[in-house]
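Enquirer: If it helps, the file is called protein-v2.cif and holds mmCIF, N, CA and C atoms:
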data_structure
loop_
_atom_site.label_atom_id
_atom_site.label_comp_id
_atom_site.auth_asym_id
_atom_site.auth_seq_id
_atom_site.Cartn_x
_atom_site.Cartn_y
_atom_site.Cartn_z
N MET A 251 123.14 79.37 88.17
CA MET A 251 123.27 78.49 87.03
C MET A 251 124.60 78.77 86.35
N GLY A 252 125.40 77.73 86.14
CA GLY A 252 126.69 77.89 85.49
C GLY A 252 126.56 78.01 83.98
N ILE A 253 127.66 78.27 83.33
CA ILE A 253 127.66 78.43 81.87
C ILE A 253 127.19 77.16 81.19
N GLN A 254 127.69 76.00 81.64
CA GLN A 254 127.26 74.75 81.00
C GLN A 254 125.78 74.52 81.22
N ASP A 255 125.28 74.86 82.43
CA ASP A 255 123.85 74.70 82.71
C ASP A 255 123.03 75.62 81.81
N ALA A 256 123.50 76.87 81.63
CA ALA A 256 122.79 77.82 80.78
C ALA A 256 122.76 77.33 79.34
N ASN A 257 123.87 76.77 78.87
CA ASN A 257 123.92 76.25 77.50
C ASN A 257 122.98 75.07 77.34
N ALA A 258 122.96 74.18 78.32
CA ALA A 258 122.08 73.02 78.24
C ALA A 258 120.62 73.45 78.23
N ALA A 259 120.30 74.45 79.07
CA ALA A 259 118.91 74.93 79.13
C ALA A 259 118.49 75.58 77.82
N SER A 260 119.43 76.22 77.13
CA SER A 260 119.09 76.90 75.88
C SER A 260 119.20 75.97 74.67
N GLY A 261 119.70 74.75 74.90
CA GLY A 261 119.87 73.81 73.79
C GLY A 261 121.17 74.00 73.04
N GLN A 262 122.00 74.95 73.48
CA GLN A 262 123.27 75.20 72.81
C GLN A 262 124.32 74.22 73.34
N ARG A 263 125.14 73.73 72.44
CA ARG A 263 126.26 72.88 72.84
C ARG A 263 127.49 73.42 72.16
N PRO A 264 128.40 74.08 72.91
CA PRO A 264 129.59 74.60 72.28
C PRO A 264 130.45 73.48 71.70
N HIS A 265 131.07 73.74 70.59
CA HIS A 265 131.96 72.78 69.96
C HIS A 265 133.30 72.81 70.68
N HIS A 266 133.74 71.67 71.17
CA HIS A 266 135.03 71.57 71.84
C HIS A 266 135.98 70.83 70.93
N PRO A 267 136.99 71.52 70.40
CA PRO A 267 137.90 70.88 69.45
C PRO A 267 138.83 69.89 70.12
N THR A 268 139.49 69.10 69.31
CA THR A 268 140.49 68.15 69.78
C THR A 268 141.64 68.91 70.41
N PRO A 269 142.16 68.45 71.57
CA PRO A 269 143.29 69.12 72.19
C PRO A 269 144.45 69.29 71.21
N GLY A 270 145.08 70.46 71.25
CA GLY A 270 146.20 70.74 70.37
C GLY A 270 145.81 71.32 69.03
N LYS A 271 144.54 71.29 68.69
CA LYS A 271 144.07 71.87 67.43
C LYS A 271 143.45 73.23 67.72
N LEU A 272 143.66 74.16 66.82
CA LEU A 272 143.10 75.50 67.02
C LEU A 272 141.67 75.55 66.50
N PRO A 273 140.78 76.13 67.30
CA PRO A 273 139.39 76.25 66.85
C PRO A 273 139.24 77.29 65.74
N VAL A 274 138.15 77.20 65.05
CA VAL A 274 137.83 78.16 63.99
C VAL A 274 137.54 79.52 64.65
N PRO A 275 138.04 80.62 64.09
CA PRO A 275 137.74 81.93 64.66
C PRO A 275 136.23 82.17 64.73
N CYS A 276 135.83 82.89 65.75
CA CYS A 276 134.43 83.27 65.89
C CYS A 276 134.37 84.79 66.05
N GLY A 277 133.21 85.33 66.23
CA GLY A 277 133.05 86.78 66.32
C GLY A 277 133.77 87.44 67.48
N HIS A 278 134.12 86.65 68.51
CA HIS A 278 134.72 87.23 69.70
C HIS A 278 136.10 86.69 70.03
N ALA A 279 136.60 85.72 69.26
CA ALA A 279 137.91 85.16 69.58
C ALA A 279 138.53 84.51 68.35
N ARG A 280 139.85 84.54 68.34
CA ARG A 280 140.61 83.77 67.36
C ARG A 280 141.87 83.30 68.05
N SER A 281 142.36 82.17 67.64
CA SER A 281 143.57 81.59 68.21
C SER A 281 144.60 81.40 67.11
N TYR A 282 145.85 81.63 67.47
CA TYR A 282 146.93 81.41 66.52
C TYR A 282 148.19 81.07 67.29
N LEU A 283 149.17 80.53 66.58
CA LEU A 283 150.43 80.12 67.19
C LEU A 283 151.53 81.12 66.88
N VAL A 284 152.34 81.42 67.90
CA VAL A 284 153.57 82.17 67.74
C VAL A 284 154.63 81.33 68.43
N ARG A 285 155.58 80.84 67.65
CA ARG A 285 156.52 79.82 68.13
C ARG A 285 155.67 78.63 68.58
N ASP A 286 155.84 78.18 69.81
CA ASP A 286 155.00 77.08 70.32
C ASP A 286 153.99 77.58 71.33
N ILE A 287 153.67 78.85 71.26
CA ILE A 287 152.75 79.47 72.21
C ILE A 287 151.44 79.77 71.51
N THR A 288 150.33 79.39 72.15
CA THR A 288 149.01 79.68 71.60
C THR A 288 148.56 81.03 72.11
N VAL A 289 148.21 81.91 71.18
CA VAL A 289 147.67 83.21 71.52
C VAL A 289 146.16 83.16 71.28
N VAL A 290 145.40 83.50 72.31
CA VAL A 290 143.95 83.61 72.19
C VAL A 290 143.65 85.10 72.24
N GLU A 291 143.26 85.63 71.10
CA GLU A 291 142.95 87.06 70.97
C GLU A 291 141.43 87.22 71.08
N ILE A 292 141.01 88.00 72.06
CA ILE A 292 139.58 88.18 72.31
C ILE A 292 139.16 89.56 71.85
N HIS A 293 137.98 89.65 71.25
CA HIS A 293 137.48 90.90 70.66
C HIS A 293 136.15 91.31 71.26
N GLY A 294 135.90 92.62 71.25
CA GLY A 294 134.57 93.13 71.56
C GLY A 294 134.18 93.03 73.01
N THR A 295 133.15 92.25 73.27
CA THR A 295 132.55 92.14 74.59
C THR A 295 132.76 90.74 75.16
N ILE A 296 133.16 90.69 76.43
CA ILE A 296 133.19 89.41 77.13
C ILE A 296 132.16 89.51 78.24
N ASP A 297 131.07 88.78 78.06
CA ASP A 297 130.03 88.72 79.08
C ASP A 297 129.41 87.33 79.03
N LEU A 298 128.37 87.13 79.81
CA LEU A 298 127.76 85.80 79.91
C LEU A 298 127.32 85.25 78.55
N SER A 299 126.93 86.13 77.64
CA SER A 299 126.44 85.65 76.34
C SER A 299 127.58 85.26 75.39
N THR A 300 128.77 85.82 75.57
CA THR A 300 129.87 85.52 74.65
C THR A 300 130.88 84.53 75.21
N VAL A 301 130.86 84.31 76.52
CA VAL A 301 131.83 83.41 77.14
C VAL A 301 131.83 82.01 76.52
N PRO A 302 130.69 81.38 76.22
CA PRO A 302 130.76 80.02 75.65
C PRO A 302 131.58 79.94 74.35
N ASP A 303 131.44 80.91 73.47
CA ASP A 303 132.22 80.91 72.22
C ASP A 303 133.70 81.14 72.49
N ILE A 304 134.00 82.04 73.42
CA ILE A 304 135.39 82.34 73.75
C ILE A 304 136.02 81.16 74.48
N GLN A 305 135.24 80.51 75.33
CA GLN A 305 135.75 79.38 76.11
C GLN A 305 136.19 78.23 75.22
N VAL A 306 135.60 78.07 74.06
CA VAL A 306 136.07 77.06 73.11
C VAL A 306 137.55 77.31 72.80
N HIS A 307 137.91 78.57 72.64
CA HIS A 307 139.30 78.93 72.32
C HIS A 307 140.21 78.74 73.54
N THR A 308 139.78 79.22 74.71
CA THR A 308 140.63 79.09 75.89
C THR A 308 140.77 77.63 76.30
N ASP A 309 139.70 76.84 76.17
CA ASP A 309 139.79 75.42 76.51
C ASP A 309 140.73 74.67 75.57
N ALA A 310 140.66 74.98 74.29
CA ALA A 310 141.56 74.32 73.33
C ALA A 310 143.01 74.69 73.61
N ALA A 311 143.25 75.96 73.95
CA ALA A 311 144.61 76.42 74.21
C ALA A 311 145.18 75.81 75.48
N THR A 312 144.33 75.61 76.49
CA THR A 312 144.80 75.13 77.78
C THR A 312 144.74 73.62 77.93
N ALA A 313 144.24 72.90 76.94
CA ALA A 313 144.07 71.45 77.04
C ALA A 313 145.39 70.66 77.04
N PRO A 314 146.36 70.99 76.20
CA PRO A 314 147.58 70.17 76.16
C PRO A 314 148.41 70.28 77.45
N HIS A 315 149.06 69.20 77.81
CA HIS A 315 149.98 69.22 78.93
C HIS A 315 151.13 70.18 78.61
N GLY A 316 151.46 71.05 79.55
CA GLY A 316 152.56 72.00 79.37
C GLY A 316 152.23 73.16 78.45
N ALA A 317 150.96 73.42 78.21
CA ALA A 317 150.56 74.49 77.29
C ALA A 317 151.12 75.84 77.72
N GLN A 318 151.58 76.57 76.74
CA GLN A 318 152.02 77.95 76.93
C GLN A 318 150.99 78.80 76.22
N VAL A 319 150.31 79.68 76.96
CA VAL A 319 149.17 80.42 76.44
C VAL A 319 149.30 81.90 76.75
N ILE A 320 148.96 82.71 75.76
CA ILE A 320 148.84 84.15 75.94
C ILE A 320 147.40 84.50 75.63
N VAL A 321 146.72 85.17 76.56
CA VAL A 321 145.38 85.68 76.32
C VAL A 321 145.52 87.18 76.10
N ASP A 322 145.12 87.63 74.92
CA ASP A 322 145.26 89.03 74.52
C ASP A 322 143.92 89.73 74.66
N LEU A 323 143.83 90.62 75.64
CA LEU A 323 142.60 91.37 75.89
C LEU A 323 142.61 92.77 75.27
N ARG A 324 143.65 93.12 74.57
CA ARG A 324 143.73 94.49 74.02
C ARG A 324 142.54 94.86 73.15
N PRO A 325 142.00 93.95 72.30
CA PRO A 325 140.84 94.33 71.48
C PRO A 325 139.50 94.29 72.21
N VAL A 326 139.50 93.96 73.51
CA VAL A 326 138.26 93.85 74.26
C VAL A 326 137.78 95.25 74.66
N GLU A 327 136.52 95.53 74.33
CA GLU A 327 135.93 96.82 74.67
C GLU A 327 135.24 96.80 76.03
N PHE A 328 134.61 95.65 76.35
CA PHE A 328 133.87 95.54 77.61
C PHE A 328 134.07 94.16 78.18
N LEU A 329 134.25 94.09 79.49
CA LEU A 329 134.28 92.80 80.17
C LEU A 329 133.57 92.92 81.50
N ASP A 330 133.00 91.81 81.95
CA ASP A 330 132.32 91.80 83.24
C ASP A 330 132.83 90.61 84.04
N CYS A 331 132.12 90.26 85.10
CA CYS A 331 132.58 89.18 85.98
C CYS A 331 132.66 87.84 85.25
N ALA A 332 131.87 87.65 84.21
CA ALA A 332 131.96 86.41 83.43
C ALA A 332 133.34 86.29 82.79
N ALA A 333 133.92 87.41 82.37
CA ALA A 333 135.26 87.42 81.79
C ALA A 333 136.29 87.01 82.83
N LEU A 334 136.12 87.49 84.05
CA LEU A 334 137.06 87.14 85.12
C LEU A 334 136.99 85.64 85.40
N GLY A 335 135.80 85.09 85.40
CA GLY A 335 135.65 83.64 85.58
C GLY A 335 136.32 82.86 84.46
N LEU A 336 136.17 83.34 83.23
CA LEU A 336 136.80 82.71 82.08
C LEU A 336 138.32 82.71 82.22
N LEU A 337 138.88 83.85 82.61
CA LEU A 337 140.33 83.97 82.77
C LEU A 337 140.84 83.07 83.90
N CYS A 338 140.13 83.04 85.02
CA CYS A 338 140.53 82.20 86.14
C CYS A 338 140.47 80.73 85.76
N ARG A 339 139.44 80.35 85.02
CA ARG A 339 139.32 78.96 84.55
C ARG A 339 140.50 78.60 83.65
N ALA A 340 140.83 79.48 82.72
CA ALA A 340 141.94 79.22 81.81
C ALA A 340 143.26 79.09 82.57
N ARG A 341 143.47 79.96 83.54
CA ARG A 341 144.70 79.91 84.34
C ARG A 341 144.76 78.60 85.13
N ARG A 342 143.66 78.23 85.78
CA ARG A 342 143.62 77.00 86.56
C ARG A 342 143.91 75.78 85.69
N ARG A 343 143.26 75.71 84.51
CA ARG A 343 143.48 74.58 83.60
C ARG A 343 144.94 74.51 83.16
N THR A 344 145.54 75.64 82.90
CA THR A 344 146.93 75.67 82.47
C THR A 344 147.84 75.17 83.58
N LEU A 345 147.64 75.68 84.80
CA LEU A 345 148.47 75.27 85.92
C LEU A 345 148.30 73.78 86.24
N GLU A 346 147.09 73.27 86.14
CA GLU A 346 146.84 71.84 86.40
C GLU A 346 147.60 70.95 85.42
N ARG A 347 147.91 71.49 84.27
CA ARG A 347 148.61 70.72 83.23
C ARG A 347 150.07 71.14 83.10
N ASN A 348 150.59 71.78 84.15
CA ASN A 348 151.99 72.21 84.20
C ASN A 348 152.35 73.17 83.07
N GLY A 349 151.42 74.01 82.71
CA GLY A 349 151.65 75.02 81.69
C GLY A 349 151.77 76.40 82.30
N HIS A 350 151.66 77.40 81.43
CA HIS A 350 151.81 78.78 81.87
C HIS A 350 150.89 79.68 81.04
N LEU A 351 150.18 80.57 81.70
CA LEU A 351 149.29 81.50 81.03
C LEU A 351 149.76 82.92 81.30
N MET A 352 149.84 83.71 80.24
CA MET A 352 150.20 85.12 80.35
C MET A 352 149.04 85.95 79.81
N LEU A 353 148.85 87.12 80.38
CA LEU A 353 147.75 87.99 80.01
C LEU A 353 148.30 89.29 79.45
N VAL A 354 147.78 89.69 78.28
CA VAL A 354 148.12 90.98 77.69
C VAL A 354 146.89 91.87 77.84
N CYS A 355 147.07 92.97 78.57
CA CYS A 355 145.94 93.84 78.88
C CYS A 355 146.48 95.24 79.14
N VAL A 356 145.95 96.23 78.44
CA VAL A 356 146.46 97.60 78.59
C VAL A 356 145.39 98.64 78.91
N ARG A 357 144.14 98.33 78.72
CA ARG A 357 143.10 99.32 78.95
C ARG A 357 142.99 99.64 80.44
N PRO A 358 143.07 100.92 80.78
CA PRO A 358 143.05 101.30 82.20
C PRO A 358 141.84 100.76 82.97
N TRP A 359 140.66 100.77 82.36
CA TRP A 359 139.48 100.28 83.05
C TRP A 359 139.59 98.79 83.35
N HIS A 360 140.11 98.02 82.40
CA HIS A 360 140.28 96.58 82.61
C HIS A 360 141.31 96.32 83.70
N LEU A 361 142.39 97.09 83.68
CA LEU A 361 143.42 96.94 84.70
C LEU A 361 142.87 97.29 86.08
N ARG A 362 142.01 98.30 86.16
CA ARG A 362 141.39 98.66 87.44
C ARG A 362 140.49 97.54 87.95
N ILE A 363 139.76 96.89 87.04
CA ILE A 363 138.90 95.76 87.44
C ILE A 363 139.77 94.63 87.99
N LEU A 364 140.86 94.33 87.30
CA LEU A 364 141.77 93.29 87.78
C LEU A 364 142.34 93.66 89.15
N GLN A 365 142.68 94.92 89.32
CA GLN A 365 143.23 95.39 90.59
C GLN A 365 142.18 95.29 91.70
N ALA A 366 140.98 95.75 91.43
CA ALA A 366 139.92 95.77 92.44
C ALA A 366 139.53 94.36 92.90
N THR A 367 139.67 93.38 92.02
CA THR A 367 139.31 92.00 92.36
C THR A 367 140.49 91.20 92.91
N GLY A 368 141.65 91.82 92.97
CA GLY A 368 142.83 91.11 93.46
C GLY A 368 143.47 90.21 92.43
N LEU A 369 143.04 90.31 91.17
CA LEU A 369 143.56 89.43 90.12
C LEU A 369 144.76 90.02 89.37
N ARG A 370 145.01 91.29 89.58
CA ARG A 370 146.13 91.91 88.84
C ARG A 370 147.46 91.27 89.23
N GLU A 371 147.67 91.02 90.51
CA GLU A 371 148.91 90.38 90.95
C GLU A 371 148.98 88.93 90.52
N LEU A 372 147.84 88.28 90.43
CA LEU A 372 147.79 86.89 90.01
C LEU A 372 148.17 86.74 88.53
N PHE A 373 147.63 87.62 87.69
CA PHE A 373 147.86 87.54 86.25
C PHE A 373 149.08 88.34 85.79
N ARG A 374 149.42 89.41 86.50
CA ARG A 374 150.54 90.28 86.13
C ARG A 374 150.50 90.64 84.64
N PRO A 375 149.49 91.41 84.24
CA PRO A 375 149.29 91.72 82.81
C PRO A 375 150.50 92.42 82.18
N LEU A 376 150.71 92.08 80.93
CA LEU A 376 151.78 92.66 80.12
C LEU A 376 151.16 93.56 79.06
N ALA A 377 151.98 94.42 78.46
CA ALA A 377 151.47 95.42 77.51
C ALA A 377 151.35 94.91 76.08
N THR A 378 152.20 93.97 75.69
CA THR A 378 152.20 93.51 74.30
C THR A 378 152.45 92.00 74.22
N ILE A 379 152.13 91.44 73.07
CA ILE A 379 152.44 90.03 72.81
C ILE A 379 153.95 89.83 72.89
N GLN A 380 154.71 90.77 72.35
CA GLN A 380 156.17 90.66 72.38
C GLN A 380 156.70 90.61 73.80
N ASP A 381 156.12 91.43 74.70
CA ASP A 381 156.52 91.38 76.11
C ASP A 381 156.29 89.98 76.68
N ALA A 382 155.15 89.38 76.34
CA ALA A 382 154.82 88.03 76.82
C ALA A 382 155.80 86.99 76.23
N LEU A 383 156.11 87.14 74.95
CA LEU A 383 157.06 86.21 74.33
C LEU A 383 158.44 86.33 74.96
N ASN A 384 158.85 87.56 75.25
CA ASN A 384 160.15 87.78 75.89
C ASN A 384 160.17 87.23 77.31
N ARG A 385 159.06 87.34 78.01
CA ARG A 385 158.95 86.84 79.38
C ARG A 385 159.02 85.32 79.40
N ASP A 386 158.52 84.70 78.35
CA ASP A 386 158.49 83.24 78.29
C ASP A 386 159.89 82.64 78.17
N ARG A 387 160.83 83.40 77.68
CA ARG A 387 162.19 82.87 77.47
C ARG A 387 162.87 82.47 78.74
#
Show me the file's structure as structure tokens.
Expert:
Amino acid sequence: MGIQDANAASGQRPHHPTPGKLPVPCGHARSYLVRDITVVEIHGTIDLSTVPDIQVHTDAATAPHGAQVIVDLRPVEFLDCAALGLLCRARRRTLERNGHLMLVCVRPWHLRILQATGLRELFRPLATIQDALNRDR
């Protein structure tokens, strides 16, 4: 059962904001602009129960054509395979719209998970938001 199926079964319907507008911060994510780049800062735990709230932020950030997005995982304490699916979805949506997604991730355990799944080379995580901003130039 996918995330949308799970939400439908539970009666939950995530709020999907208008493209180009930043969603309201929630307990696990907030979005903000730096220059013309949307930063999605994720907090706490990313798992099947939190992905729908976080996905509102990643979907809003990746919706515009040519979107430039930074996903900041530094405040994340725990992530599982649902987080990897969320990141892959965000990257795919960005590429489909001729945009670019950068990942900020420094926790050794998270980097090992990315490495073990073959995603570290795909995302090429950076250490800071500033590194991502400098890379975008």
Enquirer: Kindly indicate which residue among A:Ala310, A:Leu369, A:Val290, A:Leu376 lies nearest to Asp322 of chain A, using all atoms listed in the file for the distances.
Expert: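 When distances to Asp322 of chain A are compared using all atoms listed in the file, the smallest one comes from A:Val290.
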Enquirer: Could you tell me how far atom CA of Val301 of chain A sits from atom C of Ala317 of chain A, in Å to one decimal place?
Expert: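 These two atoms are separated by 20.7 Å.
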Enquirer: Once the PyMOL selection byres (((chain A and resi 295-300 and name CA) around 7) and name CA) is applied to the coordinates I shared, what remains selected? I want it as a list in words.
Expert: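 Evaluating the PyMOL selection byres (((chain A and resi 295-300 and name CA) around 7) and name CA) on this file yields His293, Gly294, Val301, Pro302, Asp303, Ile304, Val326, Glu327, Phe328, Leu329, Asp330, Ala332 and Ala333 of chain A.
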Enquirer: Looking only at the backbone, which of the residues in chain A does DSSP tag as alpha helix (DSSP H), as a ChimeraX atom specification?
Expert: /A:253-260,301-312,331-346,358-366,370-373,379-386
Enquirer: Which residue out of A:Ala279, A:Val284, A:Leu323, A:Leu334 has the minimum interatomic distance to Val356 of chain A when only N, CA and C atoms are used?
Expert: A:Leu323
Enquirer: Find the distance between atom C of Arg370 of chain A and atom N of Pro275 of chain A and write it in Å to one decimal.
Expert: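 Separation of atom C of Arg370 of chain A and atom N of Pro275 of chain A: 28.9 Å.
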Enquirer: Report the residues retrieved by the PyMOL selection byres ((chain A and resi 355) around 8) from the displayed file, expressed as a short mmCIF file (atom, residue, chain, number, x, y, z; two decimals) with N, CA and C atoms, keeping the file's coordinate frame.
Expert:
data_model
loop_
_atom_site.label_atom_id
_atom_site.label_comp_id
_atom_site.auth_asym_id
_atom_site.auth_seq_id
_atom_site.Cartn_x
_atom_site.Cartn_y
_atom_site.Cartn_z
N VAL A 321 146.72 85.17 76.56
CA VAL A 321 145.38 85.68 76.32
C VAL A 321 145.52 87.18 76.10
N ASP A 322 145.12 87.63 74.92
CA ASP A 322 145.26 89.03 74.52
C ASP A 322 143.92 89.73 74.66
N LEU A 323 143.83 90.62 75.64
CA LEU A 323 142.60 91.37 75.89
C LEU A 323 142.61 92.77 75.27
N ARG A 324 143.65 93.12 74.57
CA ARG A 324 143.73 94.49 74.02
C ARG A 324 142.54 94.86 73.15
N PRO A 325 142.00 93.95 72.30
CA PRO A 325 140.84 94.33 71.48
C PRO A 325 139.50 94.29 72.21
N MET A 352 149.84 83.71 80.24
CA MET A 352 150.20 85.12 80.35
C MET A 352 149.04 85.95 79.81
N LEU A 353 148.85 87.12 80.38
CA LEU A 353 147.75 87.99 80.01
C LEU A 353 148.30 89.29 79.45
N VAL A 354 147.78 89.69 78.28
CA VAL A 354 148.12 90.98 77.69
C VAL A 354 146.89 91.87 77.84
N VAL A 356 145.95 96.23 78.44
CA VAL A 356 146.46 97.60 78.59
C VAL A 356 145.39 98.64 78.91
N ARG A 357 144.14 98.33 78.72
CA ARG A 357 143.10 99.32 78.95
C ARG A 357 142.99 99.64 80.44
N PRO A 358 143.07 100.92 80.78
CA PRO A 358 143.05 101.30 82.20
C PRO A 358 141.84 100.76 82.97
N HIS A 360 140.11 98.02 82.40
CA HIS A 360 140.28 96.58 82.61
C HIS A 360 141.31 96.32 83.70
N LEU A 361 142.39 97.09 83.68
CA LEU A 361 143.42 96.94 84.70
C LEU A 361 142.87 97.29 86.08
N ARG A 374 149.42 89.41 86.50
CA ARG A 374 150.54 90.28 86.13
C ARG A 374 150.50 90.64 84.64
N PRO A 375 149.49 91.41 84.24
CA PRO A 375 149.29 91.72 82.81
C PRO A 375 150.50 92.42 82.18
N LEU A 376 150.71 92.08 80.93
CA LEU A 376 151.78 92.66 80.12
C LEU A 376 151.16 93.56 79.06
N ALA A 377 151.98 94.42 78.46
CA ALA A 377 151.47 95.42 77.51
C ALA A 377 151.35 94.91 76.08
N THR A 378 152.20 93.97 75.69
CA THR A 378 152.20 93.51 74.30
C THR A 378 152.45 92.00 74.22
N ILE A 379 152.13 91.44 73.07
CA ILE A 379 152.44 90.03 72.81
C ILE A 379 153.95 89.83 72.89
#
Enquirer: What does the distance from atom CA of Thr312 of chain A to atom CA of Leu272 of chain A come to in Å, to one decimal?
Expert: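 Taking atom CA of Thr312 of chain A and atom CA of Leu272 of chain A, their separation equals 10.9 Å.
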